[in-house]
Amino acid sequence: MAKEEFKFSDKSIILEEVDTLSSSYKINIYKDKIRYMEKRSILQKPIMEVINHFFSETTVISEKTKNSISKLIHCSKDKIIILITASGKDIIWNRDKLINEYGWFFFVAEQEKKKKPDQKKKKQKQQKKKEEEIISSQDYVFEDLTIHLEEKINMRSLYHTKEYFRYFKLIKSKNVIQMNILEVLNDFFNKNTLVPIEEKKSVRNIIYYKKEKVIVVKALNGDKMYDNLEKLVKKYGWYFYITGVPVGKSDISLAIDKIEKRYDSTYFRNISLSKTKTEKIKVSIYPIVLKPNSNCHILGLGDLNILLDCGISEYKPEETEENKTEDNKTEDNKTEDNNYPIKKFNDFQHIIDYLENLPELIKEAEERNLQAEEKELQEEEQESQAESLPKIDAIFISHSHYDHISGLKRLIKMYPDVPILSSRITLDLFLLRDSKFLKQENFEEVEEEEYRQICRNVIYIENGEKLEFKDKNSFFSFFHAGHMPGALMMLAKANDFRFLYTGDYTYNDITPFSGTKRFLNQISRPIDYLLIDGTSAKEDHGNISDQFHSLILFMEQKAEYEDNVLIGTDPSSLAITFMLTFWRYFRKKQLRQKGFTKRPNIYVDMMVRKNIQVINHRFEYIYGPISKLIKDKANPFNSIKFRWFGLKDLDFLRGKNNIIISHPPDLSYGIIRNIINVVGRNPHNLVYLAGSIHEEPGVDLINGAKEITFSESWNVPFRAMLINTFAPELKIKLHADKNQLAEMIKALEPKEVCFFHQSAKNLIEVVDYVKELGVDKVSLPKKRKFIILN
């Protein structure tokens, strides 16, 4: 390790050379960029040449940022330069340029704040603390089960709970003899009758710390072990820390990572949006569909056409009077009851129509905008543009919900070379739900060619990342959208015009994910045109904390009487929120309230577990406290109180005091039908359908139905208490309401606002509301109307 000083401007910057760096710096994006450098054979320049050029010549990084750098750490072997700075945003944004220029990966770290002397001592003491170490490892066999057994020293702080110290004190005060570990296991598994055989067979791993007298039991079920914990402590002289089996890595994520990508973040760098430097870059919008359960727009940037989401379907009846044209009303089309059938529309055809008619659409739009004397010149330009047929140049996927991504498989067949802009988590969750990966015999690879093609065409994007065009001050940048894991907003900047598409968003934080409010300060403003989610824009959901508190009061009452609760919700977003919220509340209650023994188990279906495995695998790209917990190996998803179930594991429905989380909330398919068939018959049980309910039989139930009709031969009586009708004001949704909309408007200062994801008639009041917030121009969406925005 060598240190020296480098003079820049009027300050000295500490240069430190290290032989190797910890794995905390080698994040996924680092690994991706190292592979990129190797693939492109980018030469790693000498460090002093890099430093001199970076501080003296490069104009990519501002002087303000350069002056903020206090220290530079470099590791030649790992090709990493770590810049200690309090202002490194443009280093992150221009990381790709720096990599191409220097052949080094630039890592930005914030300068540590000065700590008080006592805090420094405390930190030094923590750093001196020895890390956990494995002393021995072996397998313990019980009947047909093999349990992995490890002895460790330097027990991690996670296990130093109040409960541990209470039982450790009991062992000492009662002079309980600490038995040999193998004697303990032999007695526990073969002789102890306090714990049933099924629970013993759910044990997968055991770790023990002899000095601290702790046995960590990792099992699928630990109810009776916990109920008899004090008896086990007194008998064996060990404290039993009972936890769940690790949720593990994601097979789908690992399989996707094996597929080589065709494009990377430099794809747009050589693409120009304008033919000349002085030409104005035209920005336009063309809505393809505007139905509540569908979403797709085409953003025009110069000659490029960017698809904003692709929640479109091949055939869907649109029941509007405008569709009942005279062309449809022929005698041949009449049905037996003299009614005319509604014509079925192909949403994909609307994209094709747009591309084929684009010159005419541009002409019509500009005729509306231009003065009469400018028309002749514009017509000449249109003739030259019409010579080449336009195409879809890229697809941006904001998140993985069906109504934003349903058409992607068909689109990749129509446009096999189109780049797809997506976050890692969005791609993983899409394939998890939409492909047949889970039905494959082998999970090593994605087998379906259409989905392999999608993976090959993806350009990964994450919060704070930027894709630049050849034109100056023209780029895409991406920001966390809340709503669900992996969701992103997209800012398109063309010269001085800023267009922001939110996708579905939530402004507020909702456990365990962050909302947009933490990231809006990264977006330059004012926004010239804001295309924003209007799903719940006229609703008032109230304070989200109050809503959860009200729901927990219901949960608490049912736990007291040991009744069962069913929550129907989306598996990739609200299901995870409910899991962690309920788990945390009842865990705190158990730790703080002596004698509390009615902590419910939380049963979660396997699809939710697969979603959690993706989050577990991609935790670096999750924004919120859950990411740090997973990184610090304090993963709440590993709790013994979470139980995973499939169609063959429904025996627990005979039990009591369970919270069951399954999908979908509208009960339209899947295992939740089997669950409500049992839970819904008991008037003491509780059911809550969370989120937006659009399909039967969920809609019928909310409207007061006493019977659920799943098919002609399957009708289920419903007698349970339904929170949706008992307390209709209790609304927990992952769409922003009018209060969150107001915060977005305040932060982004848009000059014009337009909504999507909601019909115009439901947004009339919202238009006036937004105008009251100070926005002069607020427009309602108009299906398949081409609009030039600048």
# chains A, B, ... in the order shown; residues from 1 in each chain; ligands from 1
>>> select_by_dssp(residues="segment 56-154 of chain A", states="strand (DSSP E or B)", output="number ranges by chain")
A: 69-75, 80-85, 105-109, 133-142, 145-153
>>> write_last_selection(atoms="N, CA and C atoms", output="JSON list (two decimals), in the first residue's frame")
[["chain", "number", "residue", "atom", "x", "y", "z"],
["A", 69, "ILE", "N", -13.38, 16.17, -4.91],
["A", 69, "ILE", "CA", -12.68, 14.89, -4.65],
["A", 69, "ILE", "C", -11.57, 15.12, -3.62],
["A", 70, "SER", "N", -11.61, 14.37, -2.54],
["A", 70, "SER", "CA", -10.60, 14.51, -1.48],
["A", 70, "SER", "C", -9.58, 13.38, -1.48],
["A", 71, "LYS", "N", -9.96, 12.25, -2.08],
["A", 71, "LYS", "CA", -9.05, 11.09, -2.04],
["A", 71, "LYS", "C", -9.34, 10.21, -3.24],
["A", 72, "LEU", "N", -8.28, 9.56, -3.76],
["A", 72, "LEU", "CA", -8.42, 8.65, -4.89],
["A", 72, "LEU", "C", -7.67, 7.36, -4.54],
["A", 73, "ILE", "N", -8.40, 6.27, -4.50],
["A", 73, "ILE", "CA", -7.82, 4.95, -4.22],
["A", 73, "ILE", "C", -7.85, 4.15, -5.52],
["A", 74, "HIS", "N", -6.72, 3.50, -5.85],
["A", 74, "HIS", "CA", -6.71, 2.74, -7.11],
["A", 74, "HIS", "C", -6.09, 1.36, -6.91],
["A", 75, "CYS", "N", -6.66, 0.41, -7.64],
["A", 75, "CYS", "CA", -6.19, -0.97, -7.59],
["A", 75, "CYS", "C", -6.02, -1.44, -9.04],
["A", 80, "ILE", "N", -9.98, -0.77, -10.74],
["A", 80, "ILE", "CA", -10.94, 0.11, -10.04],
["A", 80, "ILE", "C", -10.24, 1.38, -9.56],
["A", 81, "ILE", "N", -10.89, 2.51, -9.80],
["A", 81, "ILE", "CA", -10.51, 3.78, -9.19],
["A", 81, "ILE", "C", -11.67, 4.21, -8.29],
["A", 82, "ILE", "N", -11.38, 4.39, -7.01],
["A", 82, "ILE", "CA", -12.42, 4.82, -6.05],
["A", 82, "ILE", "C", -12.21, 6.30, -5.77],
["A", 83, "LEU", "N", -13.21, 7.10, -6.04],
["A", 83, "LEU", "CA", -13.15, 8.54, -5.83],
["A", 83, "LEU", "C", -13.98, 8.89, -4.60],
["A", 84, "ILE", "N", -13.31, 9.46, -3.59],
["A", 84, "ILE", "CA", -14.02, 9.89, -2.37],
["A", 84, "ILE", "C", -14.49, 11.31, -2.59],
["A", 85, "THR", "N", -15.81, 11.49, -2.70],
["A", 85, "THR", "CA", -16.37, 12.81, -3.00],
["A", 85, "THR", "C", -17.79, 12.90, -2.48],
["A", 105, "PHE", "N", -12.65, 1.13, -14.09],
["A", 105, "PHE", "CA", -14.00, 1.31, -13.56],
["A", 105, "PHE", "C", -13.95, 2.36, -12.45],
["A", 106, "PHE", "N", -14.82, 3.34, -12.52],
["A", 106, "PHE", "CA", -14.84, 4.44, -11.54],
["A", 106, "PHE", "C", -15.95, 4.19, -10.52],
["A", 107, "PHE", "N", -15.54, 4.06, -9.26],
["A", 107, "PHE", "CA", -16.46, 3.82, -8.15],
["A", 107, "PHE", "C", -16.51, 5.08, -7.30],
["A", 108, "VAL", "N", -17.70, 5.58, -7.02],
["A", 108, "VAL", "CA", -17.87, 6.81, -6.24],
["A", 108, "VAL", "C", -18.29, 6.45, -4.81],
["A", 109, "ALA", "N", -17.55, 6.99, -3.84],
["A", 109, "ALA", "CA", -17.88, 6.77, -2.43],
["A", 109, "ALA", "C", -17.96, 8.12, -1.73],
["A", 133, "GLU", "N", -16.12, -17.56, 12.19],
["A", 133, "GLU", "CA", -15.20, -18.52, 11.59],
["A", 133, "GLU", "C", -15.70, -19.95, 11.82],
["A", 134, "ILE", "N", -15.64, -20.77, 10.78],
["A", 134, "ILE", "CA", -16.05, -22.18, 10.90],
["A", 134, "ILE", "C", -14.92, -23.00, 11.46],
["A", 135, "ILE", "N", -15.21, -23.75, 12.53],
["A", 135, "ILE", "CA", -14.21, -24.60, 13.18],
["A", 135, "ILE", "C", -14.28, -26.03, 12.65],
["A", 136, "SER", "N", -15.50, -26.53, 12.51],
["A", 136, "SER", "CA", -15.67, -27.90, 12.00],
["A", 136, "SER", "C", -16.98, -28.01, 11.25],
["A", 137, "SER", "N", -17.09, -29.02, 10.41],
["A", 137, "SER", "CA", -18.28, -29.22, 9.60],
["A", 137, "SER", "C", -18.50, -30.71, 9.38],
["A", 138, "GLN", "N", -19.74, -31.17, 9.52],
["A", 138, "GLN", "CA", -20.06, -32.57, 9.31],
["A", 138, "GLN", "C", -21.55, -32.72, 9.00],
["A", 139, "ASP", "N", -21.96, -33.91, 8.62],
["A", 139, "ASP", "CA", -23.37, -34.20, 8.37],
["A", 139, "ASP", "C", -23.92, -35.04, 9.52],
["A", 140, "TYR", "N", -25.12, -34.68, 9.95],
["A", 140, "TYR", "CA", -25.80, -35.46, 10.99],
["A", 140, "TYR", "C", -27.00, -36.14, 10.32],
["A", 141, "VAL", "N", -27.12, -37.46, 10.50],
["A", 141, "VAL", "CA", -28.18, -38.22, 9.84],
["A", 141, "VAL", "C", -29.27, -38.58, 10.83],
["A", 142, "PHE", "N", -30.51, -38.23, 10.46],
["A", 142, "PHE", "CA", -31.68, -38.60, 11.26],
["A", 142, "PHE", "C", -32.69, -39.27, 10.32],
["A", 145, "LEU", "N", -33.04, -38.30, 6.67],
["A", 145, "LEU", "CA", -32.70, -36.89, 6.52],
["A", 145, "LEU", "C", -31.23, -36.65, 6.87],
["A", 146, "THR", "N", -30.53, -35.90, 6.02],
["A", 146, "THR", "CA", -29.15, -35.51, 6.29],
["A", 146, "THR", "C", -29.12, -34.02, 6.60],
["A", 147, "ILE", "N", -28.66, -33.68, 7.81],
["A", 147, "ILE", "CA", -28.64, -32.30, 8.28],
["A", 147, "ILE", "C", -27.19, -31.82, 8.35],
["A", 148, "HIS", "N", -26.92, -30.69, 7.71],
["A", 148, "HIS", "CA", -25.55, -30.15, 7.73],
["A", 148, "HIS", "C", -25.29, -29.47, 9.07],
["A", 149, "LEU", "N", -24.18, -29.84, 9.71],
["A", 149, "LEU", "CA", -23.84, -29.37, 11.07],
["A", 149, "LEU", "C", -22.51, -28.62, 11.03],
["A", 150, "GLU", "N", -22.49, -27.39, 11.55],
["A", 150, "GLU", "CA", -21.27, -26.59, 11.59],
["A", 150, "GLU", "C", -21.02, -26.04, 12.98],
["A", 151, "GLU", "N", -19.75, -26.06, 13.40],
["A", 151, "GLU", "CA", -19.35, -25.37, 14.63],
["A", 151, "GLU", "C", -18.64, -24.09, 14.23],
["A", 152, "LYS", "N", -19.03, -22.97, 14.85],
["A", 152, "LYS", "CA", -18.42, -21.68, 14.55],
["A", 152, "LYS", "C", -17.99, -20.98, 15.83],
["A", 153, "ILE", "N", -17.09, -20.01, 15.66],
["A", 153, "ILE", "CA", -16.71, -19.13, 16.77],
["A", 153, "ILE", "C", -16.98, -17.69, 16.36]]
>>> residues_around(residues="segment 280-290 of chain A", least_positions_apart="6", cutoff="8 Å", atoms="only C-alpha atoms", output="list in words")
Leu273, Ser274, Cys296, His297, Ile298, Leu299, Gly300, Leu301, Gly302, Ile312, Asp347, His350, Ile351, Ala494, Asn495, Phe756, His757, Gln758, Ser759, Pro781, Lys782, Lys783, Arg784, Lys785, Phe786, Ile787, Ile788, Leu789 and Asn790 of chain A
>>> write_last_selection(atoms="N, CA and C atoms", output="PDB file, in the first residue's frame")
ATOM      1  N   LEU A 273     -30.270  12.225 -33.402  1.00  0.00           N
ATOM      2  CA  LEU A 273     -31.704  12.505 -33.483  1.00  0.00           C
ATOM      3  C   LEU A 273     -32.022  13.554 -34.548  1.00  0.00           C
ATOM      4  N   SER A 274     -31.002  14.264 -35.006  1.00  0.00           N
ATOM      5  CA  SER A 274     -31.218  15.311 -36.010  1.00  0.00           C
ATOM      6  C   SER A 274     -30.233  15.132 -37.158  1.00  0.00           C
ATOM      7  N   CYS A 296     -49.776   1.690 -23.738  1.00  0.00           N
ATOM      8  CA  CYS A 296     -48.736   1.727 -24.762  1.00  0.00           C
ATOM      9  C   CYS A 296     -48.781   3.073 -25.478  1.00  0.00           C
ATOM     10  N   HIS A 297     -47.626   3.741 -25.551  1.00  0.00           N
ATOM     11  CA  HIS A 297     -47.482   4.986 -26.311  1.00  0.00           C
ATOM     12  C   HIS A 297     -46.254   4.864 -27.208  1.00  0.00           C
ATOM     13  N   ILE A 298     -46.230   5.663 -28.262  1.00  0.00           N
ATOM     14  CA  ILE A 298     -45.023   5.781 -29.075  1.00  0.00           C
ATOM     15  C   ILE A 298     -44.480   7.199 -28.890  1.00  0.00           C
ATOM     16  N   LEU A 299     -43.257   7.278 -28.397  1.00  0.00           N
ATOM     17  CA  LEU A 299     -42.567   8.556 -28.239  1.00  0.00           C
ATOM     18  C   LEU A 299     -41.690   8.779 -29.468  1.00  0.00           C
ATOM     19  N   GLY A 300     -41.922   9.881 -30.161  1.00  0.00           N
ATOM     20  CA  GLY A 300     -41.090  10.229 -31.305  1.00  0.00           C
ATOM     21  C   GLY A 300     -39.995  11.184 -30.888  1.00  0.00           C
ATOM     22  N   LEU A 301     -38.741  10.834 -31.172  1.00  0.00           N
ATOM     23  CA  LEU A 301     -37.586  11.705 -30.918  1.00  0.00           C
ATOM     24  C   LEU A 301     -36.841  11.852 -32.233  1.00  0.00           C
ATOM     25  N   GLY A 302     -37.010  12.987 -32.907  1.00  0.00           N
ATOM     26  CA  GLY A 302     -36.433  13.114 -34.233  1.00  0.00           C
ATOM     27  C   GLY A 302     -37.036  12.056 -35.138  1.00  0.00           C
ATOM     28  N   ILE A 312     -50.350  -4.370 -24.575  1.00  0.00           N
ATOM     29  CA  ILE A 312     -51.329  -4.435 -25.660  1.00  0.00           C
ATOM     30  C   ILE A 312     -51.687  -5.891 -25.925  1.00  0.00           C
ATOM     31  N   ASP A 347     -54.544  -4.583 -31.279  1.00  0.00           N
ATOM     32  CA  ASP A 347     -53.715  -3.469 -30.814  1.00  0.00           C
ATOM     33  C   ASP A 347     -52.393  -3.398 -31.560  1.00  0.00           C
ATOM     34  N   HIS A 350     -52.409  -1.290 -34.638  1.00  0.00           N
ATOM     35  CA  HIS A 350     -52.321   0.157 -34.458  1.00  0.00           C
ATOM     36  C   HIS A 350     -50.875   0.633 -34.560  1.00  0.00           C
ATOM     37  N   ILE A 351     -49.928  -0.178 -34.093  1.00  0.00           N
ATOM     38  CA  ILE A 351     -48.510   0.175 -34.217  1.00  0.00           C
ATOM     39  C   ILE A 351     -48.104   0.177 -35.685  1.00  0.00           C
ATOM     40  N   ALA A 494     -34.113  16.025 -25.307  1.00  0.00           N
ATOM     41  CA  ALA A 494     -33.724  16.326 -26.676  1.00  0.00           C
ATOM     42  C   ALA A 494     -33.380  17.814 -26.740  1.00  0.00           C
ATOM     43  N   ASN A 495     -32.085  18.131 -26.768  1.00  0.00           N
ATOM     44  CA  ASN A 495     -31.611  19.517 -26.633  1.00  0.00           C
ATOM     45  C   ASN A 495     -32.138  20.089 -25.312  1.00  0.00           C
ATOM     46  N   PHE A 756     -52.183   9.011 -18.335  1.00  0.00           N
ATOM     47  CA  PHE A 756     -52.458   7.749 -19.020  1.00  0.00           C
ATOM     48  C   PHE A 756     -53.019   6.774 -18.003  1.00  0.00           C
ATOM     49  N   HIS A 757     -53.430   5.599 -18.463  1.00  0.00           N
ATOM     50  CA  HIS A 757     -53.894   4.528 -17.570  1.00  0.00           C
ATOM     51  C   HIS A 757     -55.253   4.813 -16.954  1.00  0.00           C
ATOM     52  N   GLN A 758     -55.997   5.751 -17.530  1.00  0.00           N
ATOM     53  CA  GLN A 758     -57.322   6.051 -17.007  1.00  0.00           C
ATOM     54  C   GLN A 758     -58.122   6.730 -18.115  1.00  0.00           C
ATOM     55  N   SER A 759     -59.432   6.490 -18.125  1.00  0.00           N
ATOM     56  CA  SER A 759     -60.272   7.093 -19.161  1.00  0.00           C
ATOM     57  C   SER A 759     -60.427   8.591 -18.910  1.00  0.00           C
ATOM     58  N   PRO A 781     -55.831  12.348 -22.234  1.00  0.00           N
ATOM     59  CA  PRO A 781     -55.325  11.469 -23.295  1.00  0.00           C
ATOM     60  C   PRO A 781     -56.320  11.307 -24.434  1.00  0.00           C
ATOM     61  N   LYS A 782     -55.791  11.253 -25.646  1.00  0.00           N
ATOM     62  CA  LYS A 782     -56.630  11.035 -26.829  1.00  0.00           C
ATOM     63  C   LYS A 782     -56.049   9.879 -27.622  1.00  0.00           C
ATOM     64  N   LYS A 783     -56.815   8.812 -27.689  1.00  0.00           N
ATOM     65  CA  LYS A 783     -56.355   7.577 -28.325  1.00  0.00           C
ATOM     66  C   LYS A 783     -56.028   7.795 -29.799  1.00  0.00           C
ATOM     67  N   ARG A 784     -54.815   7.362 -30.165  1.00  0.00           N
ATOM     68  CA  ARG A 784     -54.324   7.381 -31.543  1.00  0.00           C
ATOM     69  C   ARG A 784     -54.464   8.759 -32.206  1.00  0.00           C
ATOM     70  N   LYS A 785     -54.085   9.768 -31.415  1.00  0.00           N
ATOM     71  CA  LYS A 785     -53.978  11.118 -31.956  1.00  0.00           C
ATOM     72  C   LYS A 785     -52.521  11.540 -31.864  1.00  0.00           C
ATOM     73  N   PHE A 786     -51.916  11.834 -32.997  1.00  0.00           N
ATOM     74  CA  PHE A 786     -50.503  12.203 -33.069  1.00  0.00           C
ATOM     75  C   PHE A 786     -50.337  13.658 -32.637  1.00  0.00           C
ATOM     76  N   ILE A 787     -49.469  13.911 -31.652  1.00  0.00           N
ATOM     77  CA  ILE A 787     -49.284  15.266 -31.129  1.00  0.00           C
ATOM     78  C   ILE A 787     -47.795  15.600 -31.118  1.00  0.00           C
ATOM     79  N   ILE A 788     -47.434  16.728 -31.705  1.00  0.00           N
ATOM     80  CA  ILE A 788     -46.057  17.233 -31.631  1.00  0.00           C
ATOM     81  C   ILE A 788     -45.959  18.102 -30.382  1.00  0.00           C
ATOM     82  N   LEU A 789     -44.987  17.820 -29.535  1.00  0.00           N
ATOM     83  CA  LEU A 789     -44.920  18.430 -28.208  1.00  0.00           C
ATOM     84  C   LEU A 789     -44.077  19.696 -28.153  1.00  0.00           C
ATOM     85  N   ASN A 790     -43.206  19.905 -29.140  1.00  0.00           N
ATOM     86  CA  ASN A 790     -42.330  21.094 -29.087  1.00  0.00           C
ATOM     87  C   ASN A 790     -42.350  21.872 -30.408  1.00  0.00           C
TER      88      ASN A 790
END
>>> atom_distance(atom1="atom CA of Ser41 of chain A", atom2="atom CA of Ile99 of chain A")
11.5 Å
>>> residues_around(residues="Tyr585 of chain A", least_positions_apart="6", cutoff="10 Å", atoms="only C-alpha atoms", output="JSON list (two decimals) with C-alpha atoms, in the first residue's frame")
[["chain", "number", "residue", "atom", "x", "y", "z"],
["A", 549, "HIS", "CA", -52.38, 0.33, 11.18],
["A", 552, "ILE", "CA", -53.13, -4.67, 11.52],
["A", 556, "GLU", "CA", -54.44, -8.61, 15.78],
["A", 599, "ARG", "CA", -48.01, -14.85, 16.98]]
>>> residues_around(residues="segment 621-638 of chain A", least_positions_apart="6", cutoff="6 Å", atoms="only C-alpha atoms", output="list in words")
Gly244, Val245, Pro246, Val247, Pro512, Phe513 and Ser514 of chain A
>>> residues_around(residues="Ile395 of chain A", least_positions_apart="6", cutoff="10 Å", atoms="only C-alpha atoms", output="list of chain:residue names")
A:Ile298, A:Leu299, A:Asn305, A:Ile306, A:Leu307, A:Leu308, A:Asp309, A:Cys310, A:Leu408, A:Leu411, A:Ile412, A:Val418, A:Pro419, A:Ile420, A:Leu421, A:Ser422, A:Val458
>>> closest_residue(among="A:Tyr25, A:Phe652, A:Tyr451, A:Phe710", to="Tyr669 of chain A", atoms="only C-alpha atoms")
A:Phe710
>>> select_by_dssp(residues="segment 428-486 of chain A", states="helix (DSSP H, G or I)", output="list in words")
Asp428, Leu429, Phe430, Leu431, Leu432, Arg433, Asp434, Phe437, Leu438, Lys439, Glu449, Glu450, Tyr451, Arg452, Gln453, Ile454, Cys455, Arg456 and Asn457 of chain A
>>> residues_around(residues="Asn175 of chain A", least_positions_apart="2", cutoff="12 Å", atoms="only C-alpha atoms", output="mmCIF file with N, CA and C atoms, in the first residue's frame")
data_model
loop_
_atom_site.group_PDB
_atom_site.id
_atom_site.type_symbol
_atom_site.label_atom_id
_atom_site.label_comp_id
_atom_site.auth_asym_id
_atom_site.auth_seq_id
_atom_site.Cartn_x
_atom_site.Cartn_y
_atom_site.Cartn_z
ATOM 1 N N TYR A 167 -32.121 -16.161 28.385
ATOM 2 C CA TYR A 167 -31.908 -17.595 28.573
ATOM 3 C C TYR A 167 -30.473 -17.922 28.971
ATOM 4 N N PHE A 168 -29.526 -17.101 28.520
ATOM 5 C CA PHE A 168 -28.136 -17.303 28.934
ATOM 6 C C PHE A 168 -28.013 -17.062 30.442
ATOM 7 N N LYS A 169 -28.739 -16.039 30.902
ATOM 8 C CA LYS A 169 -28.766 -15.743 32.339
ATOM 9 C C LYS A 169 -29.425 -16.890 33.108
ATOM 10 N N LEU A 170 -30.486 -17.468 32.550
ATOM 11 C CA LEU A 170 -31.176 -18.605 33.181
ATOM 12 C C LEU A 170 -30.235 -19.814 33.304
ATOM 13 N N ILE A 171 -29.463 -20.091 32.235
ATOM 14 C CA ILE A 171 -28.512 -21.217 32.264
ATOM 15 C C ILE A 171 -27.504 -21.041 33.390
ATOM 16 N N LYS A 172 -27.004 -19.813 33.543
ATOM 17 C CA LYS A 172 -26.003 -19.553 34.579
ATOM 18 C C LYS A 172 -26.608 -19.607 35.976
ATOM 19 N N SER A 173 -27.790 -18.965 36.133
ATOM 20 C CA SER A 173 -28.396 -18.902 37.467
ATOM 21 C C SER A 173 -28.855 -20.273 37.962
ATOM 22 N N ILE A 177 -26.113 -27.686 33.172
ATOM 23 C CA ILE A 177 -24.919 -28.240 32.525
ATOM 24 C C ILE A 177 -25.095 -28.234 31.012
ATOM 25 N N GLN A 178 -24.080 -27.718 30.308
ATOM 26 C CA GLN A 178 -24.104 -27.676 28.849
ATOM 27 C C GLN A 178 -23.691 -29.047 28.307
ATOM 28 N N VAL A 233 -33.954 -25.375 26.819
ATOM 29 C CA VAL A 233 -32.799 -24.692 27.412
ATOM 30 C C VAL A 233 -32.412 -25.345 28.738
ATOM 31 N N LYS A 234 -33.402 -25.603 29.573
ATOM 32 C CA LYS A 234 -33.136 -26.193 30.902
ATOM 33 C C LYS A 234 -32.629 -27.630 30.783
ATOM 34 N N LYS A 235 -33.043 -28.341 29.759
ATOM 35 C CA LYS A 235 -32.638 -29.745 29.615
ATOM 36 C C LYS A 235 -31.230 -29.882 29.046
ATOM 37 N N TYR A 236 -30.900 -29.027 28.037
ATOM 38 C CA TYR A 236 -29.648 -29.227 27.309
ATOM 39 C C TYR A 236 -28.551 -28.221 27.659
ATOM 40 N N GLY A 237 -28.901 -27.101 28.294
ATOM 41 C CA GLY A 237 -27.889 -26.089 28.611
ATOM 42 C C GLY A 237 -27.461 -25.273 27.402
ATOM 43 N N TRP A 238 -28.294 -25.246 26.383
ATOM 44 C CA TRP A 238 -28.061 -24.475 25.170
ATOM 45 C C TRP A 238 -29.306 -23.638 24.878
#
>>> closest_residue(among="A:Glu620, A:Glu450, A:Glu49, A:Asp496", to="Asp528 of chain A", atoms="only C-alpha atoms")
A:Asp496
>>> residues_around(residues="His480 of chain A", least_positions_apart="5", cutoff="9 Å", atoms="only C-alpha atoms", output="PyMOL selection string")
chain A and resi 462-464+486-489+505+514-516+518-520+623
>>> write_last_selection(atoms="N, CA, C and O atoms", output="tab-separated table (two decimals), in the first residue's frame")
chain	number	residue	atom	x	y	z
A	462	GLU	N	-30.76	1.03	-14.87
A	462	GLU	CA	-31.09	1.10	-13.45
A	462	GLU	C	-31.20	2.55	-13.02
A	462	GLU	O	-30.90	3.46	-13.79
A	463	ASN	N	-31.62	2.77	-11.80
A	463	ASN	CA	-31.80	4.12	-11.27
A	463	ASN	C	-30.51	4.94	-11.41
A	463	ASN	O	-29.43	4.49	-11.04
A	464	GLY	N	-30.64	6.15	-11.96
A	464	GLY	CA	-29.50	7.06	-12.08
A	464	GLY	C	-28.66	6.86	-13.32
A	464	GLY	O	-27.73	7.64	-13.56
A	486	GLY	N	-38.01	-3.05	-9.34
A	486	GLY	CA	-37.56	-2.92	-10.72
A	486	GLY	C	-38.20	-1.82	-11.52
A	486	GLY	O	-37.77	-1.53	-12.64
A	487	ALA	N	-39.24	-1.16	-10.99
A	487	ALA	CA	-39.97	-0.14	-11.76
A	487	ALA	C	-39.12	1.12	-11.94
A	487	ALA	O	-38.46	1.58	-11.01
A	488	LEU	N	-39.16	1.69	-13.15
A	488	LEU	CA	-38.38	2.88	-13.48
A	488	LEU	C	-39.21	3.92	-14.22
A	488	LEU	O	-40.12	3.57	-14.98
A	489	MET	N	-38.88	5.19	-14.00
A	489	MET	CA	-39.36	6.29	-14.83
A	489	MET	C	-38.30	6.57	-15.89
A	489	MET	O	-37.12	6.27	-15.69
A	505	TYR	N	-46.33	4.62	-10.61
A	505	TYR	CA	-45.40	5.09	-9.59
A	505	TYR	C	-46.08	5.22	-8.24
A	505	TYR	O	-47.32	5.26	-8.13
A	514	SER	N	-38.67	1.91	-1.49
A	514	SER	CA	-38.71	3.37	-1.50
A	514	SER	C	-39.64	3.88	-2.59
A	514	SER	O	-39.82	3.23	-3.62
A	515	GLY	N	-40.21	5.06	-2.36
A	515	GLY	CA	-41.01	5.74	-3.36
A	515	GLY	C	-40.15	6.68	-4.19
A	515	GLY	O	-38.93	6.74	-4.03
A	516	THR	N	-40.80	7.47	-5.05
A	516	THR	CA	-40.04	8.38	-5.93
A	516	THR	C	-39.45	9.56	-5.18
A	516	THR	O	-38.50	10.18	-5.65
A	518	ARG	N	-37.49	10.03	-2.85
A	518	ARG	CA	-36.06	10.00	-2.53
A	518	ARG	C	-35.20	10.28	-3.76
A	518	ARG	O	-33.99	10.47	-3.64
A	519	PHE	N	-35.78	10.26	-4.96
A	519	PHE	CA	-34.99	10.31	-6.18
A	519	PHE	C	-35.32	11.50	-7.08
A	519	PHE	O	-34.60	11.74	-8.06
A	520	LEU	N	-36.38	12.25	-6.76
A	520	LEU	CA	-36.80	13.33	-7.65
A	520	LEU	C	-35.78	14.45	-7.74
A	520	LEU	O	-35.72	15.16	-8.75
A	623	TYR	N	-34.27	-0.52	-3.88
A	623	TYR	CA	-34.04	0.73	-3.18
A	623	TYR	C	-34.94	0.78	-1.95
A	623	TYR	O	-36.15	0.88	-2.06
>>> closest_atom_pairs(of="segment 580-677 of chain A", to="segment 718-724 of chain A", cutoff="12 Å", atoms="only C-alpha atoms", output="tab-separated table")
residue	atom	partner	partner_atom	distance
A:Pro665	CA	A:Asn724	CA	11.5
A:Arg673	CA	A:Phe718	CA	11.8
A:Ile675	CA	A:Phe718	CA	11.9
A:Ile676	CA	A:Phe718	CA	8.3
A:Asn677	CA	A:Phe718	CA	8.2
